[in-house]
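Everything below concerns the one structure shown next.
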Amino acid sequence: MSLRVAIMTDETGWHTGRLRKAFRARGVEARCVDLADCRIDTTWKPHGLAIPGFGHALPDAAFVRGIAGGTFEQVTLRLGILHALRESGVPVYNDARAIERSVDKSMTSFLLNRYGVPTPATWAGESAAHAQRVLMREAAAGRQVVMKPLFGSQGKGLMKPGVSLPALEAFSQVAYLQRYVDAGENGFDWRVLVIGGRAVAAMKRVGGEDWIHNFARGARCEPAELTPALAEISVRATQALGLDYAGVDLIPSEGGRPVVLEVNGVAAWRGLQTVTPLDIATLLVDDLLDRKLAASKGQLALAGNHERV
């Protein structure tokens with residue numbers, strides 16, 4: 001019987017098409033599944049999990065390509081499905097714990113700093129008074145600060161507030177502030193893709209809207225040399241968050257030293273694919289099957305041997 005993999009996504013398109021093709025090439029049946037259609041059902045024997053397209057069985061593995069936004073309760077339940085799959089012995093790539101760390105910018109910053117990964121100074125809290133003091137202190141030192149939504153991607157909602165803190169209502173009552181790193185007049189940032197503990201490809205994102213370099217906001221993708229420094233920092237950032245694969249966003253600081261701005265645990269790669277000859281979907285699928293799934297099967301076999309003893 002061939003392996004069956006669930007591609008967890010709320011929309012099908014270019015990325016899921018590439019993944020399904022790569023799975024097919026390995027003789028694996030891949031089905032796209034919306035987490036919103038899954039459910040925890042303790043009467044659904046034998047696992048208590050109902051995954052559309054898999055009947056009463058579970059997939060051999062799950063690849064998380066997208067998690068739709070929603071209410072706090074909806075997102076919690078969708079992540080709960082991923083937690084439940086892992087608890088049921090299904091390898092999840094990336095699993096819910098790692099995604100939660102990368103989606104929450106404050107936890108990302110905390111973990112990067114904790115594990116010594118170069119990243120800009122960051123402050124996150126609910127006190128508007130404290131955030132205002134940070135802005136004034138940074139301005140007095142001749143520095144700027146970027147304010148970001150705690151959750152979000154593609155450069156949406158970013159602003160440089162100067163010395164006047166905007167109302168926190170627009171940021172869900174949380175102030176996430178990060179020291180601005182000026183990339184210069186011809187500014188750019190890097191996106192490095194890390195798969196299975198190895199940096200595999202890099203690009204520069206040049207231009208875009210003002211100081212925000214993002215492919216979704218008009219930035220131009222250009223090939224970039226994957227230097228040892230870029231690779232080493234990106235791998236360390238991915239390991240700090242416990243991710244199987246990640247898109248790591250970095251920017252050159254003074255002297256050209258790269259620092260990590262964000263780590264994307266549900267990374268898109270369409271822009272990167274345009275500037276690298278590597279088949280990224282194939283690399284992802286191979287890592288899931290040959291490393292993650294193989295390790296899971298090895299653990300199950302070891303557990304079975306212990307039980308027999």
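By convention in this document, the chains of the structure tokens carry letters A, B, ... by their order, each chain's residues are numbered from 1, and ligands are numbered from 1 in the order they are shown.
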Report as a compact mmCIF listing (two decimals) with all heavy atoms, in the first residue's frame all protein, DNA and RNA residues lying within 10 Å of Ser88 in chain A, evaluated on only C-alpha atoms, omitting residues in the same chain fewer than 2 positions from it.
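Listing of selection-v3.txt after writing:
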```txt
# COMPACT_ATOMS: atom_id res chain seq x y z
N HIS A 47 -9.20 6.53 16.28
CA HIS A 47 -8.26 7.58 16.67
C HIS A 47 -8.89 8.80 17.32
O HIS A 47 -8.19 9.57 17.97
CB HIS A 47 -7.45 8.04 15.44
CG HIS A 47 -6.72 6.94 14.74
ND1 HIS A 47 -5.61 6.33 15.28
CD2 HIS A 47 -6.96 6.32 13.55
CE1 HIS A 47 -5.17 5.38 14.45
NE2 HIS A 47 -5.98 5.36 13.40
N GLY A 48 -10.21 9.00 17.11
CA GLY A 48 -10.84 10.20 17.64
C GLY A 48 -10.56 11.43 16.82
O GLY A 48 -10.80 12.55 17.26
N LEU A 49 -10.03 11.22 15.61
CA LEU A 49 -9.73 12.32 14.68
C LEU A 49 -10.35 12.01 13.33
O LEU A 49 -10.16 10.92 12.80
CB LEU A 49 -8.22 12.47 14.49
CG LEU A 49 -7.43 13.37 15.43
CD1 LEU A 49 -5.95 13.28 15.08
CD2 LEU A 49 -7.91 14.80 15.34
N LEU A 58 -5.68 7.51 9.54
CA LEU A 58 -4.93 8.76 9.59
C LEU A 58 -3.91 8.79 8.46
O LEU A 58 -3.48 7.73 7.99
CB LEU A 58 -4.21 8.90 10.94
CG LEU A 58 -5.08 9.04 12.18
CD1 LEU A 58 -4.20 9.12 13.43
CD2 LEU A 58 -5.98 10.27 12.09
N LEU A 82 -3.55 19.70 14.51
CA LEU A 82 -2.14 19.38 14.24
C LEU A 82 -1.48 18.77 15.48
O LEU A 82 -0.70 17.82 15.37
CB LEU A 82 -1.39 20.63 13.79
CG LEU A 82 -1.86 21.28 12.48
CD1 LEU A 82 -1.01 22.50 12.16
CD2 LEU A 82 -1.82 20.29 11.33
N HIS A 83 -1.79 19.32 16.65
CA HIS A 83 -1.26 18.74 17.89
C HIS A 83 -1.74 17.30 18.04
O HIS A 83 -0.97 16.40 18.41
CB HIS A 83 -1.73 19.56 19.10
CG HIS A 83 -0.97 20.81 19.34
ND1 HIS A 83 0.38 20.82 19.66
CD2 HIS A 83 -1.35 22.12 19.34
CE1 HIS A 83 0.79 22.08 19.84
NE2 HIS A 83 -0.24 22.88 19.65
N ALA A 84 -3.04 17.08 17.74
CA ALA A 84 -3.61 15.75 17.89
C ALA A 84 -2.98 14.75 16.93
O ALA A 84 -2.77 13.58 17.28
CB ALA A 84 -5.12 15.80 17.68
N LEU A 85 -2.68 15.19 15.72
CA LEU A 85 -2.00 14.31 14.76
C LEU A 85 -0.64 13.89 15.30
O LEU A 85 -0.27 12.71 15.25
CB LEU A 85 -1.85 15.01 13.41
CG LEU A 85 -3.10 15.09 12.54
CD1 LEU A 85 -2.89 16.05 11.38
CD2 LEU A 85 -3.50 13.71 12.01
N ARG A 86 0.11 14.85 15.81
CA ARG A 86 1.42 14.52 16.38
C ARG A 86 1.28 13.55 17.55
O ARG A 86 2.05 12.58 17.66
CB ARG A 86 2.14 15.79 16.84
CG ARG A 86 3.59 15.54 17.27
CD ARG A 86 4.19 16.68 18.06
NE ARG A 86 3.61 16.75 19.39
CZ ARG A 86 2.90 17.78 19.85
NH1 ARG A 86 2.66 18.81 19.09
NH2 ARG A 86 2.42 17.76 21.08
N VAL A 90 1.57 10.78 14.01
CA VAL A 90 1.69 11.22 12.61
C VAL A 90 2.74 12.33 12.54
O VAL A 90 2.60 13.36 13.20
CB VAL A 90 0.35 11.74 12.07
CG1 VAL A 90 0.51 12.26 10.64
CG2 VAL A 90 -0.71 10.64 12.12
N PRO A 91 3.80 12.16 11.74
CA PRO A 91 4.77 13.24 11.57
C PRO A 91 4.11 14.45 10.90
O PRO A 91 3.48 14.31 9.85
CB PRO A 91 5.85 12.63 10.67
CG PRO A 91 5.63 11.16 10.73
CD PRO A 91 4.18 10.96 10.97
```
### Task
Find the residues around range 185-196 of chain A up to 7 Å (only C-alpha atoms counted), leave out those fewer than 2 positions away in its own chain, and share them as a PyMOL selection string.
chain A and resi 183+198-207+213+234-235+244-251+284+287
Keeping N, CA, C and O atoms, export the residues of the selection given above as a tab-separated table (two decimals), in the first residue's frame.
```tsv
chain	number	residue	atom	x	y	z
A	183	ALA	N	18.78	49.68	5.78
A	183	ALA	CA	19.53	48.95	4.76
A	183	ALA	C	20.12	49.88	3.70
A	183	ALA	O	20.70	49.40	2.72
A	198	ARG	N	19.41	22.45	6.88
A	198	ARG	CA	20.41	22.88	5.89
A	198	ARG	C	19.85	24.05	5.08
A	198	ARG	O	18.72	23.98	4.58
A	199	ALA	N	20.61	25.12	4.99
A	199	ALA	CA	20.23	26.24	4.13
A	199	ALA	C	20.45	25.84	2.68
A	199	ALA	O	21.55	25.40	2.32
A	200	VAL	N	19.40	25.93	1.85
A	200	VAL	CA	19.49	25.40	0.50
A	200	VAL	C	19.47	26.46	-0.59
A	200	VAL	O	19.96	26.23	-1.71
A	201	ALA	N	18.89	27.64	-0.31
A	201	ALA	CA	18.79	28.66	-1.36
A	201	ALA	C	18.57	30.02	-0.71
A	201	ALA	O	18.05	30.12	0.40
A	202	ALA	N	18.98	31.05	-1.44
A	202	ALA	CA	18.83	32.42	-0.93
A	202	ALA	C	18.49	33.35	-2.08
A	202	ALA	O	18.82	33.09	-3.24
A	203	MET	N	17.81	34.43	-1.74
A	203	MET	CA	17.55	35.48	-2.72
A	203	MET	C	17.58	36.83	-2.01
A	203	MET	O	17.48	36.92	-0.78
A	204	LYS	N	17.75	37.87	-2.83
A	204	LYS	CA	17.58	39.23	-2.35
A	204	LYS	C	16.21	39.73	-2.77
A	204	LYS	O	15.74	39.43	-3.87
A	205	ARG	N	15.55	40.47	-1.87
A	205	ARG	CA	14.31	41.15	-2.23
A	205	ARG	C	14.62	42.64	-2.26
A	205	ARG	O	14.95	43.23	-1.23
A	206	VAL	N	14.55	43.20	-3.45
A	206	VAL	CA	14.99	44.57	-3.68
A	206	VAL	C	13.78	45.42	-4.04
A	206	VAL	O	12.91	45.02	-4.83
A	207	GLY	N	13.73	46.64	-3.48
A	207	GLY	CA	12.64	47.55	-3.81
A	207	GLY	C	11.39	47.20	-3.02
A	207	GLY	O	11.46	46.77	-1.88
A	213	HIS	N	10.59	45.45	2.09
A	213	HIS	CA	11.01	44.61	0.97
A	213	HIS	C	10.27	43.28	1.04
A	213	HIS	O	10.68	42.39	1.79
A	234	SER	N	20.88	31.47	9.49
A	234	SER	CA	19.54	31.01	9.13
A	234	SER	C	19.23	29.65	9.73
A	234	SER	O	18.12	29.39	10.22
A	235	VAL	N	20.21	28.75	9.71
A	235	VAL	CA	20.02	27.42	10.29
A	235	VAL	C	19.83	27.54	11.80
A	235	VAL	O	18.94	26.89	12.39
A	244	ASP	N	11.06	22.31	10.91
A	244	ASP	CA	11.61	21.40	9.91
A	244	ASP	C	12.09	22.18	8.69
A	244	ASP	O	13.12	21.86	8.11
A	245	TYR	N	11.30	23.15	8.29
A	245	TYR	CA	11.70	24.02	7.17
A	245	TYR	C	11.22	25.43	7.49
A	245	TYR	O	10.27	25.61	8.27
A	246	ALA	N	11.88	26.42	6.93
A	246	ALA	CA	11.52	27.81	7.24
A	246	ALA	C	12.08	28.75	6.19
A	246	ALA	O	13.11	28.49	5.57
A	247	GLY	N	11.38	29.86	6.03
A	247	GLY	CA	11.90	30.99	5.27
A	247	GLY	C	12.40	32.01	6.28
A	247	GLY	O	11.62	32.54	7.08
A	248	VAL	N	13.68	32.27	6.27
A	248	VAL	CA	14.29	33.19	7.23
A	248	VAL	C	14.55	34.52	6.55
A	248	VAL	O	15.21	34.57	5.51
A	249	ASP	N	14.02	35.60	7.14
A	249	ASP	CA	14.21	36.94	6.59
A	249	ASP	C	15.31	37.65	7.37
A	249	ASP	O	15.24	37.77	8.60
A	250	LEU	N	16.33	38.11	6.63
A	250	LEU	CA	17.47	38.77	7.24
A	250	LEU	C	17.73	40.09	6.53
A	250	LEU	O	17.33	40.29	5.38
A	251	ILE	N	18.44	40.97	7.22
A	251	ILE	CA	18.79	42.26	6.64
A	251	ILE	C	20.23	42.58	7.05
A	251	ILE	O	20.66	42.22	8.15
A	284	LEU	N	11.64	19.68	-0.36
A	284	LEU	CA	10.77	19.62	0.82
A	284	LEU	C	10.18	18.22	0.99
A	284	LEU	O	10.19	17.65	2.09
A	287	ASP	N	12.79	15.69	2.08
A	287	ASP	CA	13.16	15.82	3.50
A	287	ASP	C	12.07	15.26	4.40
A	287	ASP	O	12.37	14.58	5.39
```
### Expected answer as a ChimeraX atom specification: strand (DSSP E or B) residues in range 42-244 of chain A
/A:49-50,61-64,92-93,122-125,145-148,159,175-179,188-195,198-207,209,212,219-223
### Query
Between A:Arg270, A:Arg65, A:Lys45, A:Lys21, which has the minimum distance to Ala6 in chain A (counting only C-alpha atoms)?
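The answer is A:Arg65, which sits nearest to Ala6 in chain A.
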### Message
Under the rule that only C-alpha atoms are counted, which of A:Ser127, A:Thr238, A:Ser253, A:Thr122 is the nearest residue to Ala267 in chain A?
### Response
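Between A:Ser127, A:Thr238, A:Ser253, A:Thr122, the residue approaching Ala267 in chain A most closely is A:Thr238.
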### Task
Show which residues sit within 12 Å of Ala36 in chain A, as a PyMOL selection string. Count only C-alpha atoms, and ignore same-chain residues fewer than 2 positions away.
chain A and resi 8-11+33-34+38-40+50-52+66-71+73-82
Restricting the output to N, CA and C atoms, write the selected residues as a PDB file, in the first residue's frame.
```pdb
ATOM      1  N   MET A   8      -1.991  20.081   4.356  1.00  0.00           N
ATOM      2  CA  MET A   8      -2.920  20.943   5.072  1.00  0.00           C
ATOM      3  C   MET A   8      -2.870  22.351   4.482  1.00  0.00           C
ATOM      4  N   THR A   9      -3.977  22.773   3.876  1.00  0.00           N
ATOM      5  CA  THR A   9      -4.010  24.056   3.213  1.00  0.00           C
ATOM      6  C   THR A   9      -5.439  24.557   3.120  1.00  0.00           C
ATOM      7  N   ASP A  10      -5.601  25.874   3.175  1.00  0.00           N
ATOM      8  CA  ASP A  10      -6.926  26.454   3.017  1.00  0.00           C
ATOM      9  C   ASP A  10      -7.167  26.909   1.583  1.00  0.00           C
ATOM     10  N   GLU A  11      -6.172  26.757   0.729  1.00  0.00           N
ATOM     11  CA  GLU A  11      -6.345  27.099  -0.684  1.00  0.00           C
ATOM     12  C   GLU A  11      -5.389  26.260  -1.527  1.00  0.00           C
ATOM     13  N   VAL A  33      -6.114  19.017   2.250  1.00  0.00           N
ATOM     14  CA  VAL A  33      -7.114  18.994   3.307  1.00  0.00           C
ATOM     15  C   VAL A  33      -7.139  20.356   3.997  1.00  0.00           C
ATOM     16  N   ASP A  34      -8.343  20.932   4.142  1.00  0.00           N
ATOM     17  CA  ASP A  34      -8.495  22.180   4.878  1.00  0.00           C
ATOM     18  C   ASP A  34      -8.674  21.839   6.353  1.00  0.00           C
ATOM     19  N   CYS A  38     -11.533  19.475   9.268  1.00  0.00           N
ATOM     20  CA  CYS A  38     -11.173  18.374  10.161  1.00  0.00           C
ATOM     21  C   CYS A  38     -11.881  18.551  11.498  1.00  0.00           C
ATOM     22  N   ARG A  39     -11.951  17.479  12.260  1.00  0.00           N
ATOM     23  CA  ARG A  39     -12.587  17.601  13.570  1.00  0.00           C
ATOM     24  C   ARG A  39     -12.024  16.578  14.547  1.00  0.00           C
ATOM     25  N   ILE A  40     -12.081  16.949  15.795  1.00  0.00           N
ATOM     26  CA  ILE A  40     -11.846  16.005  16.880  1.00  0.00           C
ATOM     27  C   ILE A  40     -13.188  15.390  17.216  1.00  0.00           C
ATOM     28  N   ALA A  50     -11.082  12.959  12.777  1.00  0.00           N
ATOM     29  CA  ALA A  50     -11.684  12.778  11.454  1.00  0.00           C
ATOM     30  C   ALA A  50     -10.988  13.712  10.471  1.00  0.00           C
ATOM     31  N   ILE A  51     -10.255  13.133   9.529  1.00  0.00           N
ATOM     32  CA  ILE A  51      -9.522  13.883   8.508  1.00  0.00           C
ATOM     33  C   ILE A  51     -10.167  13.574   7.159  1.00  0.00           C
ATOM     34  N   PRO A  52     -10.821  14.541   6.518  1.00  0.00           N
ATOM     35  CA  PRO A  52     -11.521  14.277   5.258  1.00  0.00           C
ATOM     36  C   PRO A  52     -10.610  13.605   4.221  1.00  0.00           C
ATOM     37  N   GLY A  66      -0.721  25.716   4.731  1.00  0.00           N
ATOM     38  CA  GLY A  66      -1.426  26.940   5.076  1.00  0.00           C
ATOM     39  C   GLY A  66      -2.458  26.701   6.162  1.00  0.00           C
ATOM     40  N   ILE A  67      -2.614  27.704   7.033  1.00  0.00           N
ATOM     41  CA  ILE A  67      -3.640  27.683   8.069  1.00  0.00           C
ATOM     42  C   ILE A  67      -4.435  28.968   7.920  1.00  0.00           C
ATOM     43  N   ALA A  68      -5.718  28.845   7.623  1.00  0.00           N
ATOM     44  CA  ALA A  68      -6.544  30.031   7.411  1.00  0.00           C
ATOM     45  C   ALA A  68      -6.705  30.812   8.703  1.00  0.00           C
ATOM     46  N   GLY A  69      -6.843  32.128   8.560  1.00  0.00           N
ATOM     47  CA  GLY A  69      -7.142  32.952   9.718  1.00  0.00           C
ATOM     48  C   GLY A  69      -8.581  32.719  10.170  1.00  0.00           C
ATOM     49  N   GLY A  70      -8.915  33.237  11.327  1.00  0.00           N
ATOM     50  CA  GLY A  70     -10.259  33.078  11.855  1.00  0.00           C
ATOM     51  C   GLY A  70     -10.321  33.632  13.256  1.00  0.00           C
ATOM     52  N   THR A  71     -11.353  33.256  13.986  1.00  0.00           N
ATOM     53  CA  THR A  71     -11.437  33.674  15.375  1.00  0.00           C
ATOM     54  C   THR A  71     -10.344  32.971  16.178  1.00  0.00           C
ATOM     55  N   GLU A  73     -10.788  31.081  18.632  1.00  0.00           N
ATOM     56  CA  GLU A  73     -11.225  29.711  18.855  1.00  0.00           C
ATOM     57  C   GLU A  73     -11.006  28.844  17.614  1.00  0.00           C
ATOM     58  N   GLN A  74     -11.278  29.388  16.428  1.00  0.00           N
ATOM     59  CA  GLN A  74     -11.091  28.615  15.199  1.00  0.00           C
ATOM     60  C   GLN A  74      -9.620  28.257  14.982  1.00  0.00           C
ATOM     61  N   VAL A  75      -8.760  29.230  15.144  1.00  0.00           N
ATOM     62  CA  VAL A  75      -7.328  28.979  14.941  1.00  0.00           C
ATOM     63  C   VAL A  75      -6.810  28.002  15.997  1.00  0.00           C
ATOM     64  N   THR A  76      -7.290  28.143  17.236  1.00  0.00           N
ATOM     65  CA  THR A  76      -6.882  27.223  18.294  1.00  0.00           C
ATOM     66  C   THR A  76      -7.270  25.793  17.954  1.00  0.00           C
ATOM     67  N   LEU A  77      -8.481  25.607  17.438  1.00  0.00           N
ATOM     68  CA  LEU A  77      -8.928  24.269  17.073  1.00  0.00           C
ATOM     69  C   LEU A  77      -8.105  23.715  15.911  1.00  0.00           C
ATOM     70  N   ARG A  78      -7.817  24.539  14.924  1.00  0.00           N
ATOM     71  CA  ARG A  78      -7.025  24.062  13.783  1.00  0.00           C
ATOM     72  C   ARG A  78      -5.627  23.650  14.222  1.00  0.00           C
ATOM     73  N   LEU A  79      -5.026  24.436  15.088  1.00  0.00           N
ATOM     74  CA  LEU A  79      -3.727  24.033  15.626  1.00  0.00           C
ATOM     75  C   LEU A  79      -3.870  22.798  16.496  1.00  0.00           C
ATOM     76  N   GLY A  80      -5.025  22.677  17.187  1.00  0.00           N
ATOM     77  CA  GLY A  80      -5.283  21.500  18.001  1.00  0.00           C
ATOM     78  C   GLY A  80      -5.323  20.231  17.175  1.00  0.00           C
ATOM     79  N   ILE A  81      -5.852  20.323  15.950  1.00  0.00           N
ATOM     80  CA  ILE A  81      -5.856  19.167  15.046  1.00  0.00           C
ATOM     81  C   ILE A  81      -4.418  18.735  14.751  1.00  0.00           C
ATOM     82  N   LEU A  82      -3.552  19.702  14.509  1.00  0.00           N
ATOM     83  CA  LEU A  82      -2.141  19.378  14.240  1.00  0.00           C
ATOM     84  C   LEU A  82      -1.475  18.772  15.478  1.00  0.00           C
TER      85      LEU A  82
END
```
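Candidate residues A:Ala124, A:Ala139, A:Ala219, A:Leu158 were compared for distance to Leu177 in chain A, and the nearest is A:Ala124, using only C-alpha atoms.
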List the neighbours of range 98-110 of chain A out to 9 Å using only C-alpha atoms; skip same-chain residues closer than 5 positions along the sequence, and give me the result as a compact mmCIF listing (two decimals) with N, CA, C and O atoms, in the first residue's frame.
```txt
# COMPACT_ATOMS: atom_id res chain seq x y z
N LEU A 79 -5.03 24.44 15.09
CA LEU A 79 -3.73 24.03 15.63
C LEU A 79 -3.87 22.80 16.50
O LEU A 79 -2.98 21.94 16.53
N TYR A 115 18.79 32.10 22.09
CA TYR A 115 19.77 31.17 21.50
C TYR A 115 20.90 31.90 20.76
O TYR A 115 21.63 31.29 19.98
N THR A 119 19.63 39.45 16.10
CA THR A 119 18.32 39.99 15.76
C THR A 119 18.20 41.38 16.39
O THR A 119 18.84 41.64 17.43
N PRO A 120 17.44 42.29 15.79
CA PRO A 120 17.34 43.63 16.36
C PRO A 120 16.71 43.63 17.75
O PRO A 120 15.93 42.73 18.10
N ALA A 121 17.05 44.64 18.54
CA ALA A 121 16.42 44.81 19.86
C ALA A 121 14.90 44.88 19.68
O ALA A 121 14.40 45.51 18.76
N THR A 122 14.19 44.19 20.56
CA THR A 122 12.74 44.06 20.43
C THR A 122 12.07 44.24 21.78
O THR A 122 12.59 43.81 22.81
N TRP A 123 10.89 44.88 21.76
CA TRP A 123 10.08 45.05 22.96
C TRP A 123 8.65 44.64 22.61
O TRP A 123 8.11 45.03 21.58
N ALA A 124 8.01 43.87 23.46
CA ALA A 124 6.62 43.46 23.23
C ALA A 124 5.88 43.45 24.56
O ALA A 124 6.35 42.84 25.53
N GLY A 125 4.75 44.13 24.63
CA GLY A 125 3.97 44.18 25.85
C GLY A 125 2.63 44.84 25.62
O GLY A 125 2.33 45.31 24.51
N LYS A 148 4.93 46.51 14.55
CA LYS A 148 4.36 45.46 13.72
C LYS A 148 3.18 44.81 14.45
O LYS A 148 3.18 44.72 15.68
N PRO A 149 2.20 44.31 13.70
CA PRO A 149 1.19 43.44 14.34
C PRO A 149 1.88 42.19 14.87
O PRO A 149 2.83 41.69 14.26
N LEU A 150 1.41 41.69 16.01
CA LEU A 150 2.02 40.50 16.58
C LEU A 150 1.89 39.30 15.65
O LEU A 150 2.79 38.49 15.53
N PHE A 151 0.73 39.21 14.98
CA PHE A 151 0.49 38.17 13.98
C PHE A 151 0.35 38.86 12.63
O PHE A 151 -0.26 39.91 12.53
N GLY A 152 0.89 38.25 11.60
CA GLY A 152 0.77 38.84 10.27
C GLY A 152 1.98 38.51 9.43
O GLY A 152 3.01 38.05 9.93
N SER A 153 1.82 38.71 8.12
CA SER A 153 2.90 38.40 7.19
C SER A 153 2.80 39.32 5.99
O SER A 153 1.91 40.18 5.90
N TYR A 176 4.27 45.66 19.70
CA TYR A 176 5.47 44.91 19.32
C TYR A 176 6.37 45.89 18.57
O TYR A 176 6.02 46.38 17.49
N ALA A 237 18.60 30.06 13.43
CA ALA A 237 17.28 30.64 13.69
C ALA A 237 16.20 29.58 13.56
O ALA A 237 15.26 29.51 14.38
N ALA A 240 16.33 27.27 16.54
CA ALA A 240 15.84 27.92 17.77
C ALA A 240 14.34 27.79 17.90
O ALA A 240 13.80 27.69 19.01
N LEU A 241 13.63 27.75 16.77
CA LEU A 241 12.17 27.65 16.79
C LEU A 241 11.67 26.22 16.60
O LEU A 241 10.48 25.96 16.67
N GLY A 242 12.59 25.29 16.34
CA GLY A 242 12.20 23.89 16.19
C GLY A 242 11.48 23.58 14.89
O GLY A 242 10.64 22.68 14.85
N LEU A 243 11.84 24.29 13.82
CA LEU A 243 11.15 24.12 12.54
C LEU A 243 11.85 23.10 11.65
O LEU A 243 13.08 23.04 11.60
N ASP A 244 11.06 22.31 10.91
CA ASP A 244 11.61 21.40 9.91
C ASP A 244 12.09 22.18 8.69
O ASP A 244 13.12 21.86 8.11
N LEU A 261 15.27 39.17 10.98
CA LEU A 261 14.07 39.95 11.30
C LEU A 261 12.91 39.04 11.68
O LEU A 261 12.25 39.26 12.69
N GLU A 262 12.64 38.03 10.86
CA GLU A 262 11.51 37.15 11.09
C GLU A 262 11.84 35.75 10.59
O GLU A 262 12.75 35.57 9.78
N VAL A 263 11.07 34.78 11.07
CA VAL A 263 11.21 33.40 10.62
C VAL A 263 9.80 32.90 10.28
O VAL A 263 8.91 32.92 11.13
N ASN A 264 9.62 32.48 9.04
CA ASN A 264 8.29 32.06 8.56
C ASN A 264 8.19 30.54 8.58
O ASN A 264 8.91 29.86 7.85
N GLY A 265 7.29 30.02 9.40
CA GLY A 265 7.14 28.58 9.54
C GLY A 265 6.16 27.96 8.56
O GLY A 265 6.01 26.73 8.52
N VAL A 266 5.48 28.79 7.78
CA VAL A 266 4.63 28.29 6.68
C VAL A 266 5.06 29.08 5.45
O VAL A 266 4.31 29.87 4.89
```
